[in-house]
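Listing of start_28.tsv; format and content: TSV, C-alpha atoms.
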```tsv
chain	number	residue	atom	x	y	z
A	1	MET	CA	221.39	122.95	-85.31
A	2	SER	CA	222.94	121.55	-82.18
A	3	THR	CA	220.84	121.41	-79.02
A	4	ASP	CA	223.87	120.73	-76.84
A	5	PHE	CA	224.66	123.84	-74.80
A	6	LYS	CA	227.65	122.36	-72.96
A	7	THR	CA	231.06	123.69	-73.84
A	8	PRO	CA	233.46	121.13	-75.31
A	9	THR	CA	235.58	121.43	-72.15
A	10	GLY	CA	232.53	120.67	-69.99
A	11	ALA	CA	231.81	117.54	-71.98
A	12	VAL	CA	235.42	116.43	-71.82
A	13	ARG	CA	235.49	116.80	-68.02
A	14	GLY	CA	232.85	114.12	-67.78
A	15	LEU	CA	229.86	116.37	-67.28
A	16	GLY	CA	228.25	115.16	-70.47
A	17	ALA	CA	227.64	111.77	-72.00
A	18	ALA	CA	230.76	110.27	-73.49
A	19	ARG	CA	228.51	108.78	-76.23
A	20	ALA	CA	229.96	105.34	-75.69
A	21	GLY	CA	227.25	104.00	-73.36
A	22	THR	CA	225.21	102.15	-75.99
A	23	GLY	CA	228.24	100.32	-77.29
A	24	HIS	CA	229.16	99.29	-73.74
A	25	HIS	CA	225.61	98.08	-73.10
A	26	ILE	CA	225.52	95.98	-76.28
A	27	LYS	CA	228.97	94.45	-75.63
A	28	GLN	CA	227.87	93.50	-72.12
A	29	ARG	CA	224.73	91.80	-73.49
A	30	VAL	CA	226.47	90.00	-76.35
A	31	SER	CA	229.11	88.56	-74.02
A	32	ALA	CA	226.27	87.60	-71.63
A	33	ILE	CA	224.54	85.63	-74.41
A	34	ALA	CA	227.79	83.79	-75.15
A	35	LEU	CA	228.26	83.02	-71.44
A	36	LEU	CA	224.69	81.75	-71.18
A	37	PHE	CA	225.87	78.77	-73.25
A	38	LEU	CA	229.50	78.60	-72.15
A	39	VAL	CA	229.09	78.76	-68.35
A	40	PRO	CA	226.87	75.64	-68.02
A	41	TRP	CA	229.41	73.73	-70.13
A	42	PHE	CA	232.24	75.21	-68.05
A	43	LEU	CA	230.67	74.09	-64.75
A	44	TYR	CA	230.22	70.56	-66.05
A	45	ALA	CA	233.72	70.56	-67.54
A	46	VAL	CA	235.58	71.85	-64.51
A	47	ILE	CA	233.80	69.42	-62.19
A	48	ALA	CA	234.58	66.52	-64.55
A	49	ALA	CA	238.20	67.63	-65.03
A	50	SER	CA	239.01	68.29	-61.39
A	51	ARG	CA	238.00	64.79	-60.28
A	52	GLY	CA	240.85	62.96	-62.01
A	53	GLY	CA	243.84	64.68	-60.43
A	54	PHE	CA	246.66	66.17	-62.52
A	55	ASP	CA	246.62	63.41	-65.16
A	56	GLY	CA	242.85	63.49	-65.47
A	57	ALA	CA	242.74	67.27	-65.80
A	58	THR	CA	245.51	67.41	-68.43
A	59	ALA	CA	243.94	64.55	-70.43
A	60	TRP	CA	240.62	66.39	-70.32
A	61	LEU	CA	242.11	69.69	-71.47
A	62	ALA	CA	244.03	67.90	-74.22
A	63	GLN	CA	240.72	67.20	-76.00
A	64	PRO	CA	240.43	69.82	-78.79
A	65	TRP	CA	236.80	70.69	-78.07
A	66	ASN	CA	237.50	71.18	-74.39
A	67	ALA	CA	240.48	73.42	-75.16
A	68	ILE	CA	238.47	75.44	-77.71
A	69	LEU	CA	235.46	75.89	-75.43
A	70	MET	CA	237.71	76.69	-72.48
A	71	ILE	CA	239.48	79.50	-74.37
A	72	LEU	CA	236.13	80.83	-75.61
A	73	THR	CA	234.76	80.77	-72.05
A	74	LEU	CA	237.83	82.59	-70.75
A	75	GLY	CA	237.59	85.23	-73.48
A	76	ALA	CA	233.88	85.90	-73.00
A	77	ALA	CA	234.15	85.80	-69.20
A	78	PHE	CA	237.13	88.17	-68.85
A	79	TYR	CA	235.57	90.54	-71.39
A	80	HIS	CA	232.23	90.52	-69.54
A	81	MET	CA	234.02	90.89	-66.18
A	82	ARG	CA	236.00	93.88	-67.35
A	83	LEU	CA	232.85	95.67	-68.57
A	84	GLY	CA	230.89	94.85	-65.40
A	85	ILE	CA	233.52	95.87	-62.89
A	86	GLN	CA	234.20	99.02	-64.94
A	87	VAL	CA	230.57	100.11	-64.32
A	88	ILE	CA	230.82	99.32	-60.60
A	89	ILE	CA	234.05	101.35	-60.28
A	90	GLU	CA	232.50	104.25	-62.20
A	91	ASP	CA	229.39	104.14	-59.97
A	92	TYR	CA	231.01	103.95	-56.56
A	93	ILE	CA	234.54	105.36	-56.77
A	94	HIS	CA	234.54	109.09	-57.34
A	95	LYS	CA	237.93	110.07	-55.98
A	96	ALA	CA	240.00	111.42	-58.84
A	97	GLY	CA	243.07	109.32	-59.49
A	98	MET	CA	241.73	106.37	-57.51
A	99	LYS	CA	238.94	105.87	-60.05
A	100	GLN	CA	241.24	106.00	-63.06
A	101	GLY	CA	243.79	103.80	-61.31
A	102	LEU	CA	241.21	101.12	-60.54
A	103	LEU	CA	239.82	101.26	-64.09
A	104	ILE	CA	243.30	100.70	-65.50
A	105	LEU	CA	243.99	97.93	-62.95
A	106	ASN	CA	240.70	96.24	-63.91
A	107	THR	CA	241.72	96.21	-67.58
A	108	PHE	CA	245.22	94.94	-66.79
A	109	VAL	CA	243.89	92.15	-64.53
A	110	CYS	CA	241.35	90.95	-67.11
A	111	VAL	CA	243.65	91.16	-70.13
A	112	GLY	CA	246.58	89.72	-68.16
A	113	LEU	CA	244.63	86.79	-66.76
A	114	PHE	CA	243.08	86.02	-70.15
A	115	THR	CA	246.55	85.89	-71.69
A	116	ALA	CA	247.97	83.75	-68.88
A	117	THR	CA	245.05	81.30	-68.78
A	118	ALA	CA	244.76	81.01	-72.57
A	119	LEU	CA	248.49	80.28	-72.77
A	120	SER	CA	248.06	77.68	-70.01
A	121	VAL	CA	245.32	75.93	-71.99
A	122	LEU	CA	247.49	75.98	-75.13
A	123	LYS	CA	250.50	74.66	-73.22
A	124	VAL	CA	248.55	71.71	-71.81
A	125	TRP	CA	247.00	70.99	-75.20
A	126	ILE	CA	250.29	71.18	-77.11
A	127	SER	CA	252.21	69.21	-74.44
A	128	ALA	CA	249.72	66.36	-74.86
A	129	GLY	CA	251.05	66.08	-78.43
A	130	LEU	CA	247.76	65.44	-80.15
B	131	MET	CA	229.84	107.10	-50.19
B	132	SER	CA	232.04	108.00	-47.23
B	133	GLY	CA	235.65	108.78	-48.00
B	134	SER	CA	234.94	109.77	-51.59
B	135	GLU	CA	235.23	113.29	-52.84
B	136	TRP	CA	232.04	114.01	-54.72
B	137	THR	CA	232.61	116.91	-57.08
B	138	ASP	CA	229.91	116.23	-59.66
B	139	PRO	CA	227.21	118.94	-59.41
B	140	ARG	CA	224.55	116.75	-61.04
B	141	PRO	CA	221.83	115.21	-58.85
B	142	MET	CA	222.64	111.79	-57.43
B	143	SER	CA	220.46	108.71	-57.44
B	144	PRO	CA	219.25	107.66	-53.97
B	145	HIS	CA	221.69	105.92	-51.69
B	146	LEU	CA	221.27	102.35	-50.57
B	147	GLN	CA	220.26	103.55	-47.05
B	148	VAL	CA	217.16	105.40	-48.26
B	149	TRP	CA	215.85	102.55	-50.42
B	150	LYS	CA	213.06	100.43	-49.04
B	151	TRP	CA	214.03	96.78	-49.45
B	152	HIS	CA	211.94	94.90	-51.96
B	153	TRP	CA	212.56	91.88	-54.18
B	154	THR	CA	213.52	93.62	-57.41
B	155	MET	CA	216.07	95.89	-55.70
B	156	ALA	CA	217.45	92.86	-53.88
B	157	THR	CA	218.04	91.00	-57.16
B	158	SER	CA	219.56	94.14	-58.67
B	159	ILE	CA	221.98	94.54	-55.77
B	160	PHE	CA	222.78	90.85	-55.61
B	161	HIS	CA	223.45	90.87	-59.34
B	162	ARG	CA	226.25	93.35	-58.65
B	163	VAL	CA	227.45	91.60	-55.51
B	164	THR	CA	227.58	88.24	-57.29
B	165	GLY	CA	229.29	89.93	-60.25
B	166	VAL	CA	232.11	90.94	-57.93
B	167	GLY	CA	232.03	87.44	-56.37
B	168	ASN	CA	232.36	85.84	-59.80
B	169	TYR	CA	235.32	88.12	-60.53
B	170	LEU	CA	237.10	86.90	-57.39
B	171	GLY	CA	236.21	83.29	-58.26
B	172	ALA	CA	237.65	83.77	-61.75
B	173	LEU	CA	240.97	84.68	-60.14
B	174	LEU	CA	240.92	81.28	-58.38
B	175	ILE	CA	239.98	79.40	-61.55
B	176	SER	CA	242.87	81.19	-63.27
B	177	VAL	CA	245.24	79.94	-60.57
B	178	TRP	CA	243.88	76.41	-61.15
B	179	LEU	CA	244.50	76.59	-64.93
B	180	ILE	CA	247.94	78.16	-64.57
B	181	ALA	CA	248.90	75.50	-61.99
B	182	LEU	CA	247.75	72.79	-64.41
B	183	ALA	CA	250.08	74.19	-67.05
B	184	THR	CA	252.93	74.57	-64.53
B	185	GLY	CA	253.11	70.93	-63.51
B	186	PRO	CA	252.02	68.20	-61.08
B	187	GLU	CA	253.58	69.84	-58.00
B	188	ALA	CA	251.88	73.21	-58.48
B	189	TYR	CA	248.63	71.45	-59.38
B	190	GLY	CA	248.82	69.30	-56.26
B	191	PHE	CA	249.24	72.40	-54.14
B	192	VAL	CA	246.14	74.02	-55.69
B	193	GLU	CA	244.20	70.75	-55.36
B	194	GLY	CA	245.06	70.71	-51.66
B	195	ILE	CA	243.43	74.12	-51.27
B	196	MET	CA	240.45	73.20	-53.50
B	197	PHE	CA	239.54	70.06	-51.59
B	198	HIS	CA	240.26	71.55	-48.18
B	199	PRO	CA	236.99	72.27	-46.27
B	200	VAL	CA	237.61	76.04	-46.53
B	201	GLY	CA	238.23	75.72	-50.27
B	202	GLN	CA	235.09	73.64	-50.65
B	203	ILE	CA	233.00	76.26	-48.84
B	204	LEU	CA	234.47	79.02	-51.06
B	205	LEU	CA	233.81	76.92	-54.18
B	206	PHE	CA	230.20	76.32	-53.14
B	207	PHE	CA	229.58	80.03	-52.60
B	208	TRP	CA	231.28	80.77	-55.91
B	209	LEU	CA	228.98	78.25	-57.60
B	210	LEU	CA	225.96	79.85	-55.93
B	211	SER	CA	227.14	83.32	-56.98
B	212	LEU	CA	227.75	82.17	-60.56
B	213	VAL	CA	224.37	80.41	-60.88
B	214	PHE	CA	222.47	83.39	-59.45
B	215	HIS	CA	224.25	85.84	-61.76
B	216	LEU	CA	223.51	83.55	-64.74
B	217	VAL	CA	219.82	83.04	-63.89
B	218	ASN	CA	219.25	86.69	-63.05
B	219	GLY	CA	221.20	87.69	-66.17
B	220	VAL	CA	218.61	85.90	-68.32
B	221	ARG	CA	216.03	88.30	-66.89
B	222	PHE	CA	218.12	91.31	-67.93
B	223	LEU	CA	218.33	89.86	-71.45
B	224	LEU	CA	214.52	89.39	-71.48
B	225	TRP	CA	214.09	92.98	-70.32
B	226	ASP	CA	216.47	94.33	-72.95
B	227	GLY	CA	215.58	92.08	-75.89
B	228	PRO	CA	211.91	91.09	-76.13
B	229	LYS	CA	211.12	93.66	-73.38
B	230	ILE	CA	209.10	91.29	-71.24
B	231	GLY	CA	208.75	91.00	-67.46
B	232	PHE	CA	208.45	94.67	-66.54
B	233	GLU	CA	205.03	94.31	-64.86
B	234	PRO	CA	205.79	95.08	-61.15
B	235	LYS	CA	204.09	91.92	-59.85
B	236	THR	CA	205.80	89.76	-62.47
B	237	ALA	CA	209.15	91.41	-61.77
B	238	SER	CA	208.83	90.70	-58.04
B	239	ARG	CA	207.79	87.09	-58.65
B	240	VAL	CA	210.68	86.56	-61.07
B	241	SER	CA	213.05	87.99	-58.44
B	242	ILE	CA	211.85	85.52	-55.80
B	243	PHE	CA	212.01	82.72	-58.38
B	244	ASN	CA	215.60	83.69	-59.30
B	245	PHE	CA	216.79	83.54	-55.69
B	246	ALA	CA	215.04	80.20	-55.15
B	247	ILE	CA	216.14	78.56	-58.40
B	248	ALA	CA	219.75	79.71	-57.88
B	249	ILE	CA	219.89	78.02	-54.47
B	250	ILE	CA	218.20	74.85	-55.79
B	251	LEU	CA	220.45	74.68	-58.89
B	252	ALA	CA	223.64	75.30	-56.91
B	253	ALA	CA	222.71	72.64	-54.34
B	254	THR	CA	221.80	70.17	-57.11
B	255	ILE	CA	225.00	70.77	-59.09
B	256	TRP	CA	227.05	70.48	-55.89
B	257	SER	CA	225.46	67.19	-54.84
B	258	LEU	CA	225.79	65.77	-58.37
B	259	ALA	CA	229.44	66.84	-58.45
B	260	THR	CA	230.26	65.26	-55.10
B	261	ASN	CA	228.24	62.08	-55.58
B	262	LEU	CA	228.40	61.18	-59.27
B	263	PHE	CA	232.06	61.79	-60.02
```

Kindly transcribe the structure held in the file into structure tokens.
Amino acid sequence: MSTDFKTPTGAVRGLGAARAGTGHHIKQRVSAIALLFLVPWFLYAVIAASRGGFDGATAWLAQPWNAILMILTLGAAFYHMRLGIQVIIEDYIHKAGMKQGLLILNTFVCVGLFTATALSVLKVWISAGL
Amino acid sequence: MSGSEWTDPRPMSPHLQVWKWHWTMATSIFHRVTGVGNYLGALLISVWLIALATGPEAYGFVEGIMFHPVGQILLFFWLLSLVFHLVNGVRFLLWDGPKIGFEPKTASRVSIFNFAIAIILAATIWSLATNLF
């Protein structure tokens, strides 16, 4: 027997749990665990890469491990960012339309930037001809 | 919450104005603030990577901004934001996973520690980056 007294319409209008919160929580934590390892590497890597000018940075990114870890960092980071900013938008923006618009924009920015940066890494790596 | 049209009839959690400042709420709020800061920083890192793939001219332009004093200040604050979010994020994982650190006194101490260690780590990384390389 169901203990939920809300009408289906009420639940759909956002007055009930969407039953997706646990999944969101776990995804946020799993990407956080990945970033716990990737971000320290990333900080070291970006500092090392940015010291050698254009040639130094391309030579650095042409190393397979650097390219692999960079794409992994970008994937985990943009995924984690999308989830985090989604919660902030949901918490503070309540104006109908504005909220949905920002949520969609957040997804587009994160997916778009991941695609553009991952392609950039691949381009540098392939151009090096290794 | 000014300017928003609140239509949800359910009770709201207290606003920022009615909270008494204490260490654990400060880390909680700064976790969000630095999360947004990291997001903005990621946009800049994206520009750096895309410029690297575009060519030497575009990369030189981005380098000019990066090594400009204003760029350096922004990069330092981004580093600080990233390190704080990372350090404080470990605490969230400890809360969620092994469920440790909930004791109010411990939680407050960890909050103070997180602020301190983030500043120390960011300053150390920055000085290593500017002196060693």

List as JSON lines every residue of chain A that is in contact with chain B, defined as an atom at most 6 Å from one of its atoms (using all atoms listed in the file), together with the nearest atom pair and the distance in Å rounded to one decimal, sorted by chain and then rising number.
```
{"residue": "A:Phe54", "atom": "CA", "partner": "B:Pro186", "partner_atom": "CA", "distance": 5.9}
{"residue": "A:His94", "atom": "CA", "partner": "B:Ser134", "partner_atom": "CA", "distance": 5.8}
{"residue": "A:Lys95", "atom": "CA", "partner": "B:Glu135", "partner_atom": "CA", "distance": 5.2}
{"residue": "A:Thr117", "atom": "CA", "partner": "B:Ser176", "partner_atom": "CA", "distance": 5.9}
{"residue": "A:Ser120", "atom": "CA", "partner": "B:Ala183", "partner_atom": "CA", "distance": 5.0}
{"residue": "A:Val124", "atom": "CA", "partner": "B:Ala183", "partner_atom": "CA", "distance": 5.6}
```

- Query: Quick one: residues within 12 Å of Ala156 of chain B, all atoms listed in the file counted, chain neighbours fewer than 5 positions away excluded, as a list in words?
  - Reply: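 Everything that qualifies: Leu146, Trp149, Lys150, Trp151, His161, Arg162, Val163, Thr164, Asn218, Ala237, Ser238, Val240, Ser241, Ile242, Asn244 and Phe245 of chain B.
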
- Task: Determine, counting all atoms listed in the file, which protein, DNA and RNA residues have an atom within 12 Å of an atom of Gln28 of chain A; residues of the same chain fewer than 4 positions away are not included. Present the result as number ranges by chain.
- Result: A: 21-24, 32-35, 76-87; B: 219, 222-223, 226

- Item | Nearest residue to Leu38 of chain A from the set A:Leu119, A:Leu102, A:Met70, A:Ala57 (distances using only C-alpha atoms) |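 With only C-alpha atoms as the atom set, the closest residue is A:Met70.
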
- Message: Between atom CA of Ala118 of chain A and atom CA of Leu74 of chain A, what distance in Å does the model show, to one decimal?
- Response: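 Rounded to one decimal, the two atoms are 7.3 Å apart.
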
- Task: Using all atoms listed in the file, find the one residue out of A:Leu36, A:Ala48, A:Ile26, A:Ile71 that sits nearest to Phe114 of chain A.
- Result: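 Selected residue with least distance to Phe114 of chain A: A:Ile71.
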
- What is the distance between atom CA of Arg51 of chain A and atom CA of Trp125 of chain A, in Å to one decimal? 18.5 Å

- Can you tell me how far atom CA of Val39 of chain A sits from atom CA of Glu90 of chain A, in Å to one decimal?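 Spanning atom CA of Val39 of chain A to atom CA of Glu90 of chain A is a straight-line distance of 26.4 Å.
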
- Compare B:Phe207, B:Ile250, B:Phe160, B:Trp153 by their minimum atom-to-atom distance to Pro234 of chain B, counting only C-alpha atoms, and give me the closest one.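 Selected residue with least distance to Pro234 of chain B: B:Trp153.
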